[in-house]
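What follows is structure_19.pdb (PDB, C-alpha atoms, pLDDT in the B column).
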```pdb
ATOM      1  CA  MET A   1      94.970 101.860  97.980  1.00 43.00           C
ATOM      2  CA  LEU A   2      97.780 100.682  95.738  1.00 45.00           C
ATOM      3  CA  PHE A   3     100.078  98.024  97.210  1.00 67.00           C
ATOM      4  CA  GLU A   4     103.090  99.241  95.198  1.00 81.00           C
ATOM      5  CA  PRO A   5     102.076 102.581  93.666  1.00 93.00           C
ATOM      6  CA  ARG A   6     103.693 103.577  90.395  1.00 96.00           C
ATOM      7  CA  SER A   7     104.335 106.979  91.958  1.00 97.00           C
ATOM      8  CA  GLY A   8     106.431 105.214  94.602  1.00 96.00           C
ATOM      9  CA  ARG A   9     108.604 103.513  92.006  1.00 96.00           C
ATOM     10  CA  LEU A  10     109.020 106.756  90.059  1.00 98.00           C
ATOM     11  CA  ALA A  11     109.948 108.743  93.162  1.00 98.00           C
ATOM     12  CA  ALA A  12     112.259 106.124  94.684  1.00 97.00           C
ATOM     13  CA  TRP A  13     114.272 105.358  91.551  1.00 97.00           C
ATOM     14  CA  GLY A  14     114.105 108.944  90.339  1.00 98.00           C
ATOM     15  CA  ASN A  15     115.632 110.045  93.649  1.00 98.00           C
ATOM     16  CA  ALA A  16     118.353 107.404  93.333  1.00 97.00           C
ATOM     17  CA  LEU A  17     119.152 108.702  89.854  1.00 97.00           C
ATOM     18  CA  LEU A  18     119.180 112.335  90.967  1.00 96.00           C
ATOM     19  CA  ALA A  19     121.592 111.359  93.762  1.00 96.00           C
ATOM     20  CA  GLY A  20     123.896 109.663  91.265  1.00 97.00           C
ATOM     21  CA  LEU A  21     123.411 106.210  92.802  1.00 97.00           C
ATOM     22  CA  VAL A  22     121.992 104.423  89.735  1.00 97.00           C
ATOM     23  CA  SER A  23     122.281 104.801  85.975  1.00 96.00           C
ATOM     24  CA  PRO A  24     119.484 106.319  83.869  1.00 95.00           C
ATOM     25  CA  ASP A  25     118.757 102.942  82.261  1.00 95.00           C
ATOM     26  CA  GLU A  26     118.583 101.165  85.637  1.00 96.00           C
ATOM     27  CA  ALA A  27     116.226 103.808  86.986  1.00 97.00           C
ATOM     28  CA  ALA A  28     113.958 103.657  83.938  1.00 97.00           C
ATOM     29  CA  LEU A  29     113.755  99.842  83.976  1.00 96.00           C
ATOM     30  CA  SER A  30     112.932  99.797  87.681  1.00 95.00           C
ATOM     31  CA  ILE A  31     110.240 102.453  87.317  1.00 97.00           C
ATOM     32  CA  VAL A  32     108.542 100.659  84.423  1.00 96.00           C
ATOM     33  CA  GLY A  33     108.592  97.340  86.292  1.00 92.00           C
ATOM     34  CA  GLU A  34     106.083  94.925  84.735  1.00 90.00           C
ATOM     35  CA  ASP A  35     104.415  97.627  82.620  1.00 95.00           C
ATOM     36  CA  ALA A  36     105.114  97.830  78.896  1.00 95.00           C
ATOM     37  CA  VAL A  37     106.148 101.460  78.608  1.00 96.00           C
ATOM     38  CA  HIS A  38     106.153 104.768  80.532  1.00 98.00           C
ATOM     39  CA  ARG A  39     106.286 108.189  78.892  1.00 98.00           C
ATOM     40  CA  VAL A  40     106.072 111.754  80.208  1.00 98.00           C
ATOM     41  CA  ALA A  41     103.879 114.389  78.554  1.00 98.00           C
ATOM     42  CA  GLY A  42     103.799 118.142  79.094  1.00 97.00           C
ATOM     43  CA  LEU A  43     107.418 118.616  80.134  1.00 97.00           C
ATOM     44  CA  PRO A  44     108.619 122.214  79.744  1.00 96.00           C
ATOM     45  CA  GLY A  45     110.760 122.418  76.633  1.00 92.00           C
ATOM     46  CA  GLU A  46     109.277 119.311  75.003  1.00 94.00           C
ATOM     47  CA  THR A  47     106.603 119.334  72.298  1.00 93.00           C
ATOM     48  CA  GLY A  48     105.321 115.812  72.930  1.00 95.00           C
ATOM     49  CA  PRO A  49     105.630 112.784  75.204  1.00 97.00           C
ATOM     50  CA  VAL A  50     109.183 111.588  75.888  1.00 98.00           C
ATOM     51  CA  GLY A  51     110.760 108.527  77.456  1.00 97.00           C
ATOM     52  CA  LEU A  52     111.624 108.258  81.133  1.00 97.00           C
ATOM     53  CA  THR A  53     115.363 108.622  80.683  1.00 96.00           C
ATOM     54  CA  LEU A  54     115.031 111.899  78.799  1.00 96.00           C
ATOM     55  CA  ALA A  55     112.275 113.101  81.144  1.00 97.00           C
ATOM     56  CA  LEU A  56     114.327 112.539  84.304  1.00 96.00           C
ATOM     57  CA  GLY A  57     117.281 114.343  82.735  1.00 96.00           C
ATOM     58  CA  ARG A  58     115.034 117.243  81.757  1.00 96.00           C
ATOM     59  CA  LEU A  59     113.623 117.473  85.286  1.00 97.00           C
ATOM     60  CA  ARG A  60     117.142 117.629  86.696  1.00 96.00           C
ATOM     61  CA  ALA A  61     117.986 120.450  84.239  1.00 96.00           C
ATOM     62  CA  LEU A  62     114.862 122.294  85.409  1.00 96.00           C
ATOM     63  CA  GLY A  63     116.187 122.302  88.971  1.00 97.00           C
ATOM     64  CA  VAL A  64     114.429 119.265  90.422  1.00 97.00           C
ATOM     65  CA  ALA A  65     116.427 117.999  93.405  1.00 96.00           C
ATOM     66  CA  GLY A  66     114.051 115.274  94.583  1.00 97.00           C
ATOM     67  CA  LEU A  67     110.683 113.608  94.060  1.00 98.00           C
ATOM     68  CA  ARG A  68     107.908 113.197  96.615  1.00 97.00           C
ATOM     69  CA  VAL A  69     104.887 110.864  96.555  1.00 98.00           C
ATOM     70  CA  ALA A  70     101.273 111.893  97.124  1.00 98.00           C
ATOM     71  CA  LEU A  71      98.554 109.279  97.765  1.00 97.00           C
ATOM     72  CA  PRO A  72      95.352 111.308  98.127  1.00 97.00           C
ATOM     73  CA  ALA A  73      91.901 109.914  98.892  1.00 94.00           C
ATOM     74  CA  PRO A  74      88.506 111.642  99.167  1.00 94.00           C
ATOM     75  CA  GLY A  75      88.699 114.048 102.105  1.00 93.00           C
ATOM     76  CA  HIS A  76      92.419 113.386 102.586  1.00 94.00           C
ATOM     77  CA  PRO A  77      94.791 115.291 100.233  1.00 96.00           C
ATOM     78  CA  LEU A  78      97.813 113.328 101.485  1.00 96.00           C
ATOM     79  CA  GLY A  79     101.058 114.730 100.082  1.00 97.00           C
ATOM     80  CA  LEU A  80      99.438 117.428  97.931  1.00 97.00           C
ATOM     81  CA  SER A  81     100.014 121.178  98.032  1.00 94.00           C
ATOM     82  CA  GLY A  82      97.776 122.472  95.226  1.00 95.00           C
ATOM     83  CA  PRO A  83      96.661 124.093  93.063  1.00 97.00           C
ATOM     84  CA  PRO A  84      93.111 122.641  92.894  1.00 96.00           C
ATOM     85  CA  GLU A  85      93.526 121.540  89.276  1.00 96.00           C
ATOM     86  CA  PHE A  86      96.528 119.370  90.100  1.00 98.00           C
ATOM     87  CA  ASN A  87      94.908 118.060  93.274  1.00 97.00           C
ATOM     88  CA  ALA A  88      91.813 117.001  91.318  1.00 97.00           C
ATOM     89  CA  ARG A  89      93.870 115.093  88.746  1.00 98.00           C
ATOM     90  CA  ALA A  90      95.913 113.433  91.501  1.00 98.00           C
ATOM     91  CA  LEU A  91      92.785 112.478  93.445  1.00 98.00           C
ATOM     92  CA  GLU A  92      91.269 110.909  90.339  1.00 97.00           C
ATOM     93  CA  ALA A  93      94.446 108.863  89.788  1.00 98.00           C
ATOM     94  CA  GLU A  94      94.796 108.212  93.554  1.00 96.00           C
ATOM     95  CA  GLU A  95      98.498 109.078  93.324  1.00 98.00           C
ATOM     96  CA  ALA A  96     100.989 111.633  92.056  1.00 98.00           C
ATOM     97  CA  VAL A  97     104.625 112.699  92.245  1.00 98.00           C
ATOM     98  CA  VAL A  98     105.542 116.230  93.329  1.00 98.00           C
ATOM     99  CA  CYS A  99     108.940 117.691  92.424  1.00 97.00           C
ATOM    100  CA  ALA A 100     111.164 119.337  95.020  1.00 96.00           C
ATOM    101  CA  GLY A 101     113.087 122.285  93.597  1.00 95.00           C
ATOM    102  CA  ALA A 102     110.683 123.066  90.751  1.00 96.00           C
ATOM    103  CA  ALA A 103     106.953 123.814  90.761  1.00 97.00           C
ATOM    104  CA  LEU A 104     106.013 120.694  88.819  1.00 98.00           C
ATOM    105  CA  GLY A 105     104.098 117.509  89.493  1.00 98.00           C
ATOM    106  CA  LEU A 106     103.414 114.262  87.637  1.00 98.00           C
ATOM    107  CA  VAL A 107     100.106 112.390  87.504  1.00 98.00           C
ATOM    108  CA  PRO A 108      99.868 108.948  85.855  1.00 98.00           C
ATOM    109  CA  GLU A 109      97.320 107.964  83.237  1.00 98.00           C
ATOM    110  CA  VAL A 110      97.225 104.173  82.945  1.00 97.00           C
ATOM    111  CA  THR A 111      95.954 102.373  79.830  1.00 96.00           C
ATOM    112  CA  GLU A 112      95.388  98.621  79.612  1.00 94.00           C
ATOM    113  CA  ALA A 113      94.853  96.645  76.424  1.00 92.00           C
ATOM    114  CA  GLY A 114      94.737  92.984  75.482  1.00 88.00           C
ATOM    115  CA  PRO A 115      93.040  89.809  76.732  1.00 88.00           C
ATOM    116  CA  ALA A 116      93.129  88.551  80.293  1.00 82.00           C
ATOM    117  CA  GLY A 117      96.515  87.058  81.057  1.00 80.00           C
ATOM    118  CA  ASP A 118      98.213  89.088  78.360  1.00 85.00           C
ATOM    119  CA  VAL A 119      97.413  92.683  79.312  1.00 87.00           C
ATOM    120  CA  HIS A 120      99.597  95.418  77.854  1.00 91.00           C
ATOM    121  CA  VAL A 121      99.928  98.315  80.327  1.00 94.00           C
ATOM    122  CA  SER A 122     101.183 101.712  79.222  1.00 97.00           C
ATOM    123  CA  VAL A 123     101.544 104.781  81.438  1.00 98.00           C
ATOM    124  CA  VAL A 124     101.667 108.447  80.507  1.00 98.00           C
ATOM    125  CA  TRP A 125     102.826 110.775  83.263  1.00 98.00           C
ATOM    126  CA  HIS A 126     101.257 114.200  82.795  1.00 98.00           C
ATOM    127  CA  CYS A 127     103.559 117.005  83.958  1.00 98.00           C
ATOM    128  CA  LEU A 128     101.561 119.853  85.497  1.00 98.00           C
ATOM    129  CA  PRO A 129     102.280 122.992  87.549  1.00 97.00           C
ATOM    130  CA  VAL A 130     102.046 122.681  91.347  1.00 98.00           C
ATOM    131  CA  ARG A 131     102.113 125.111  94.229  1.00 96.00           C
ATOM    132  CA  GLU A 132     105.408 125.244  96.108  1.00 90.00           C
ATOM    133  CA  ALA A 133     104.225 124.632  99.669  1.00 90.00           C
ATOM    134  CA  PRO A 134     104.626 121.945 102.360  1.00 88.00           C
ATOM    135  CA  PRO A 135     102.787 118.709 101.428  1.00 92.00           C
ATOM    136  CA  ALA A 136      99.602 117.949 103.344  1.00 90.00           C
ATOM    137  CA  ASP A 137      99.565 115.569 106.327  1.00 92.00           C
ATOM    138  CA  VAL A 138     102.872 113.732 105.734  1.00 93.00           C
ATOM    139  CA  PRO A 139     104.290 112.319 109.005  1.00 93.00           C
ATOM    140  CA  SER A 140     107.915 111.750 109.908  1.00 93.00           C
ATOM    141  CA  LEU A 141     109.231 108.201 109.660  1.00 94.00           C
ATOM    142  CA  GLY A 142     109.141 107.877 113.448  1.00 93.00           C
ATOM    143  CA  GLU A 143     105.524 109.032 113.619  1.00 95.00           C
ATOM    144  CA  ALA A 144     104.548 106.711 110.772  1.00 94.00           C
ATOM    145  CA  GLU A 145     106.154 103.696 112.424  1.00 92.00           C
ATOM    146  CA  ARG A 146     104.409 104.340 115.751  1.00 93.00           C
ATOM    147  CA  GLU A 147     101.059 104.964 114.048  1.00 91.00           C
ATOM    148  CA  LEU A 148     101.327 101.732 112.057  1.00 88.00           C
ATOM    149  CA  ALA A 149     102.008  99.616 115.122  1.00 86.00           C
ATOM    150  CA  GLN A 150      99.097 101.146 117.047  1.00 87.00           C
ATOM    151  CA  ALA A 151      96.641 101.005 114.145  1.00 79.00           C
ATOM    152  CA  LEU A 152      97.512  97.397 113.380  1.00 77.00           C
ATOM    153  CA  ARG A 153      96.866  96.379 116.977  1.00 80.00           C
ATOM    154  CA  GLU A 154      93.542  98.204 117.079  1.00 74.00           C
ATOM    155  CA  ALA A 155      92.400  96.863 113.707  1.00 69.00           C
ATOM    156  CA  THR A 156      93.329  93.289 114.633  1.00 71.00           C
ATOM    157  CA  VAL A 157      91.201  93.474 117.775  1.00 73.00           C
ATOM    158  CA  ALA A 158      88.261  95.037 115.944  1.00 65.00           C
ATOM    159  CA  LEU A 159      88.326  92.674 112.956  1.00 64.00           C
ATOM    160  CA  THR A 160      88.722  89.597 115.153  1.00 70.00           C
ATOM    161  CA  ARG A 161      85.664  90.689 117.131  1.00 66.00           C
ATOM    162  CA  LEU A 162      83.719  91.102 113.870  1.00 59.00           C
ATOM    163  CA  ASP A 163      84.974  87.756 112.513  1.00 61.00           C
ATOM    164  CA  VAL A 164      86.253  89.375 109.341  1.00 55.00           C
ATOM    165  CA  ALA A 165      88.049  87.108 106.891  1.00 48.00           C
ATOM    166  CA  GLY A 166      91.641  88.217 107.241  1.00 50.00           C
ATOM    167  CA  SER A 167      93.141  84.750 107.433  1.00 48.00           C
ATOM    168  CA  GLY A 168      92.636  81.360 105.853  1.00 49.00           C
ATOM    169  CA  PRO A 169      93.913  79.856 102.586  1.00 50.00           C
ATOM    170  CA  VAL A 170      93.363  82.910 100.352  1.00 48.00           C
ATOM    171  CA  ALA A 171      95.058  85.254 102.802  1.00 50.00           C
ATOM    172  CA  GLU A 172      97.908  82.832 103.397  1.00 54.00           C
ATOM    173  CA  ALA A 173      98.463  82.412  99.646  1.00 54.00           C
ATOM    174  CA  ALA A 174      98.643  86.175  99.168  1.00 52.00           C
ATOM    175  CA  LEU A 175     101.044  86.583 102.075  1.00 54.00           C
ATOM    176  CA  SER A 176     103.190  83.734 100.748  1.00 59.00           C
ATOM    177  CA  ALA A 177     103.370  85.427  97.354  1.00 56.00           C
ATOM    178  CA  TYR A 178     104.359  88.680  99.070  1.00 53.00           C
ATOM    179  CA  ARG A 179     107.157  86.934 100.997  1.00 54.00           C
ATOM    180  CA  ALA A 180     108.346  85.121  97.861  1.00 57.00           C
ATOM    181  CA  ARG A 181     108.728  88.399  95.996  1.00 51.00           C
ATOM    182  CA  ALA A 182     110.762  89.868  98.829  1.00 51.00           C
ATOM    183  CA  GLU A 183     112.933  86.765  99.142  1.00 51.00           C
ATOM    184  CA  ALA A 184     113.506  86.721  95.371  1.00 46.00           C
ATOM    185  CA  GLY A 185     115.379  89.986  95.719  1.00 42.00           C
ATOM    186  CA  ARG A 186     112.758  92.633  94.896  1.00 52.00           C
ATOM    187  CA  GLU A 187     114.134  95.857  96.262  1.00 61.00           C
ATOM    188  CA  VAL A 188     111.694  97.441  98.678  1.00 70.00           C
ATOM    189  CA  LEU A 189     113.246 100.844  98.015  1.00 89.00           C
ATOM    190  CA  ALA A 190     115.930 102.194  95.726  1.00 95.00           C
ATOM    191  CA  PRO A 191     119.524 102.854  96.835  1.00 95.00           C
ATOM    192  CA  GLY A 192     120.031 105.899  99.046  1.00 94.00           C
ATOM    193  CA  TYR A 193     117.103 105.412 101.414  1.00 95.00           C
ATOM    194  CA  PRO A 194     117.708 105.103 105.179  1.00 94.00           C
ATOM    195  CA  PRO A 195     117.086 101.674 106.756  1.00 93.00           C
ATOM    196  CA  ARG A 196     114.150 103.030 108.760  1.00 93.00           C
ATOM    197  CA  ALA A 197     112.372 104.030 105.538  1.00 95.00           C
ATOM    198  CA  VAL A 198     112.811 100.498 104.197  1.00 91.00           C
ATOM    199  CA  ARG A 199     111.386  99.070 107.434  1.00 90.00           C
ATOM    200  CA  VAL A 200     108.407 101.446 107.473  1.00 92.00           C
ATOM    201  CA  LEU A 201     107.603 100.804 103.820  1.00 91.00           C
ATOM    202  CA  ALA A 202     107.732  97.028 104.232  1.00 86.00           C
ATOM    203  CA  LEU A 203     105.373  97.172 107.228  1.00 85.00           C
ATOM    204  CA  ALA A 204     103.024  99.611 105.487  1.00 88.00           C
ATOM    205  CA  GLN A 205     102.861  97.351 102.423  1.00 83.00           C
ATOM    206  CA  ARG A 206     102.053  94.339 104.580  1.00 78.00           C
ATOM    207  CA  VAL A 207      99.339  96.272 106.439  1.00 80.00           C
ATOM    208  CA  ASP A 208      97.944  97.422 103.096  1.00 77.00           C
ATOM    209  CA  LEU A 209      97.826  93.827 101.870  1.00 75.00           C
ATOM    210  CA  LEU A 210      96.015  92.664 104.991  1.00 73.00           C
ATOM    211  CA  VAL A 211      93.462  95.480 104.680  1.00 74.00           C
ATOM    212  CA  SER A 212      92.860  94.533 101.044  1.00 72.00           C
ATOM    213  CA  LEU A 213      92.368  90.897 102.008  1.00 69.00           C
ATOM    214  CA  ALA A 214      89.885  91.878 104.698  1.00 68.00           C
ATOM    215  CA  TYR A 215      87.889  93.806 102.081  1.00 66.00           C
ATOM    216  CA  GLU A 216      88.117  91.135  99.380  1.00 61.00           C
ATOM    217  CA  ASN A 217      87.601  87.896 101.307  1.00 55.00           C
ATOM    218  CA  GLY A 218      83.967  88.432 102.177  1.00 51.00           C
ATOM    219  CA  HIS A 219      82.428  89.303 105.472  1.00 50.00           C
ATOM    220  CA  GLY A 220      83.244  86.330 107.666  1.00 50.00           C
ATOM    221  CA  GLY A 221      80.554  86.442 110.325  1.00 49.00           C
ATOM    222  CA  ALA A 222      79.746  90.105 109.601  1.00 45.00           C
ATOM    223  CA  VAL A 223      76.683  89.544 107.416  1.00 52.00           C
ATOM    224  CA  ALA A 224      74.282  92.179 108.734  1.00 61.00           C
ATOM    225  CA  ALA A 225      74.425  95.660 107.225  1.00 67.00           C
ATOM    226  CA  SER A 226      75.394  97.121 110.590  1.00 69.00           C
ATOM    227  CA  GLU A 227      78.241  94.623 110.941  1.00 65.00           C
ATOM    228  CA  MET A 228      79.471  95.350 107.412  1.00 66.00           C
ATOM    229  CA  ALA A 229      79.495  99.053 108.252  1.00 72.00           C
ATOM    230  CA  ALA A 230      81.424  98.305 111.446  1.00 70.00           C
ATOM    231  CA  ARG A 231      83.998  96.373 109.419  1.00 69.00           C
ATOM    232  CA  ALA A 232      84.511  99.336 107.080  1.00 73.00           C
ATOM    233  CA  GLU A 233      84.745 101.659 110.067  1.00 76.00           C
ATOM    234  CA  ALA A 234      87.445  99.472 111.620  1.00 74.00           C
ATOM    235  CA  LEU A 235      89.457  99.316 108.397  1.00 78.00           C
ATOM    236  CA  ARG A 236      89.248 102.990 107.445  1.00 82.00           C
ATOM    237  CA  PRO A 237      91.711 104.370 110.044  1.00 83.00           C
ATOM    238  CA  VAL A 238      94.319 101.642 109.505  1.00 84.00           C
ATOM    239  CA  GLU A 239      94.097 102.151 105.747  1.00 87.00           C
ATOM    240  CA  ARG A 240      94.671 105.888 106.242  1.00 90.00           C
ATOM    241  CA  VAL A 241      97.648 105.232 108.528  1.00 91.00           C
ATOM    242  CA  ALA A 242      99.159 102.803 106.004  1.00 90.00           C
ATOM    243  CA  ARG A 243      98.886 105.402 103.224  1.00 93.00           C
ATOM    244  CA  ARG A 244     100.551 108.017 105.435  1.00 94.00           C
ATOM    245  CA  ALA A 245     103.363 105.585 106.196  1.00 94.00           C
ATOM    246  CA  LEU A 246     103.875 104.745 102.516  1.00 94.00           C
ATOM    247  CA  VAL A 247     104.238 108.444 101.691  1.00 96.00           C
ATOM    248  CA  ALA A 248     106.618 109.035 104.611  1.00 96.00           C
ATOM    249  CA  ALA A 249     108.827 106.143 103.487  1.00 96.00           C
ATOM    250  CA  TYR A 250     108.969 107.111  99.811  1.00 96.00           C
ATOM    251  CA  ASN A 251     109.626 110.759 100.710  1.00 96.00           C
ATOM    252  CA  ALA A 252     112.421 110.002 103.180  1.00 96.00           C
ATOM    253  CA  ALA A 253     115.172 110.487 100.599  1.00 94.00           C
ATOM    254  CA  VAL A 254     113.982 114.050  99.929  1.00 93.00           C
ATOM    255  CA  GLU A 255     113.446 114.916 103.590  1.00 85.00           C
ATOM    256  CA  GLN A 256     117.097 114.105 104.375  1.00 72.00           C
ATOM    257  CA  LEU A 257     118.464 116.413 101.640  1.00 64.00           C
TER     258      LEU A 257
END
```

Take the structure in this file and express it as structure tokens.
Amino acid sequence: MLFEPRSGRLAAWGNALLAGLVSPDEAALSIVGEDAVHRVAGLPGETGPVGLTLALGRLRALGVAGLRVALPAPGHPLGLSGPPEFNARALEAEEAVVCAGAALGLVPEVTEAGPAGDVHVSVVWHCLPVREAPPADVPSLGEAERELAQALREATVALTRLDVAGSGPVAEAALSAYRARAEAGREVLAPGYPPRAVRVLALAQRVDLLVSLAYENGHGGAVAASEMAARAEALRPVERVARRALVAAYNAAVEQL
């Protein structure tokens, strides 16, 4: 799962722009983040890829009132509503943005070039038709917050029993970097989001980081194949809950329209 999905940045800052809370340039800069450039291809009325500022203005003219995030995984079409062609592209990318108010969706294609340490990242968002229907399996903010707390407790017990590496110097360094980014003023969400959405997103991101560390830092004492399978089984539900919470938080601005 993506710690800070590009679809989340596009939806959050796109929603702030649509609500008139930020300027087009501020929204575009925040969406691009550390990438080199973002463009949008396949927009109705455009013959080729266009920049984010023009694309967001075009979406508004097409009737888009808000942007929702989808973070699908195999067997879990989280946030999607079809058709199958769009769902397949979103599943391959592991994320997408679905427009509210127009039957359109955006799927990112990410290209990296350059040597290690100097990678140039460009993103093309492909605009595709979607089915206008309720998104799949998206909880309310209250449900997401309760699920996160419960899943985190259960995963902590299970991973401690399995002696999975979820602490130690590597984990502490990653958590310190996460805290430093937050303390340096990185906005967790764009203007216009309710405080509960900010709280849920921050917790979901931290849970996501801890799950990633548990996967990446080896097996701890879980060296047998059966123990490795048990580790994956313990992580799978908390990872699913964290993805659901991320989507609920990013979509909160649209749900309150």

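Across the model, the gap from CA of Pro49 in chain A to CA of Pro115 in chain A is 26.2 Å.
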
Once the PyMOL selection byres ((chain A and resi 78-85) around 8) has been evaluated on this model, what residues remain selected, and can you format them as a compact mmCIF listing (two decimals) with C-alpha atoms, in the coordinates of the input?
```
# COMPACT_ATOMS: atom_id res chain seq x y z
CA ARG A 68 107.91 113.20 96.62
CA VAL A 69 104.89 110.86 96.56
CA ALA A 70 101.27 111.89 97.12
CA LEU A 71 98.55 109.28 97.76
CA PRO A 72 95.35 111.31 98.13
CA ALA A 73 91.90 109.91 98.89
CA HIS A 76 92.42 113.39 102.59
CA PRO A 77 94.79 115.29 100.23
CA PHE A 86 96.53 119.37 90.10
CA ASN A 87 94.91 118.06 93.27
CA ALA A 88 91.81 117.00 91.32
CA ARG A 89 93.87 115.09 88.75
CA VAL A 98 105.54 116.23 93.33
CA PRO A 129 102.28 122.99 87.55
CA VAL A 130 102.05 122.68 91.35
CA ARG A 131 102.11 125.11 94.23
CA GLU A 132 105.41 125.24 96.11
CA ALA A 133 104.22 124.63 99.67
CA PRO A 134 104.63 121.94 102.36
CA PRO A 135 102.79 118.71 101.43
CA ALA A 136 99.60 117.95 103.34
CA ASP A 137 99.56 115.57 106.33
CA VAL A 138 102.87 113.73 105.73
CA ARG A 244 100.55 108.02 105.44
CA VAL A 247 104.24 108.44 101.69
```

| query | Any chance you could work out the residue set of the PyMOL selection byres ((chain A and resi 101-112) around 10) here, as number ranges by chain? | reply | A: 6-7, 10, 35-36, 38-44, 59-60, 62-70, 80, 82, 86-87, 89-100, 113-115, 119-133

| query | Separation of CA of Leu141 in chain A and CA of Gly33 in chain A, in Å? | reply |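 Between CA of Leu141 in chain A and CA of Gly33 in chain A the gap is 25.8 Å.
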
| message | Expand the PyMOL selection byres ((chain A and resi 208) around 8) into the explicit residue set it covers here, and present it as a list in words. | response | Met1, Phe3, Ala204, Gln205, Arg206, Val207, Leu209, Leu210, Val211, Ser212, Glu239 and Ala242 of chain A

| task | Please tell me which residues are no farther than 12 Å from (115.6, 102.0, 107.1) in the file, counting all atoms listed in the file, and write them as a PyMOL selection string. | result | chain A and resi 141-142+145+188-203+248-250+252-253

| request: Kindly indicate which residue among A:Gly45, A:Glu4, A:Ala149, A:Leu56 lies nearest to Ala28 in chain A, using all atoms listed in the file for the distances. | output: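 For Ala28 in chain A, the nearest of the candidates is A:Leu56.
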
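Picture a line from CA of Ser23 in chain A to CA of Gly51 in chain A; it runs 14.8 Å.
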
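Among the candidates A:Thr160, A:Arg58, A:Trp13, A:Ala144, the residue lying nearest to Asp25 in chain A is A:Trp13 (atoms considered: only C-alpha atoms).
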
| query | Between A:Leu29, A:Leu235, A:Leu21, A:Ala116, which one has atoms that come closest to Val157 in chain A, using all atoms listed in the file? | reply |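 Smallest distance to Val157 in chain A is found for A:Leu235.
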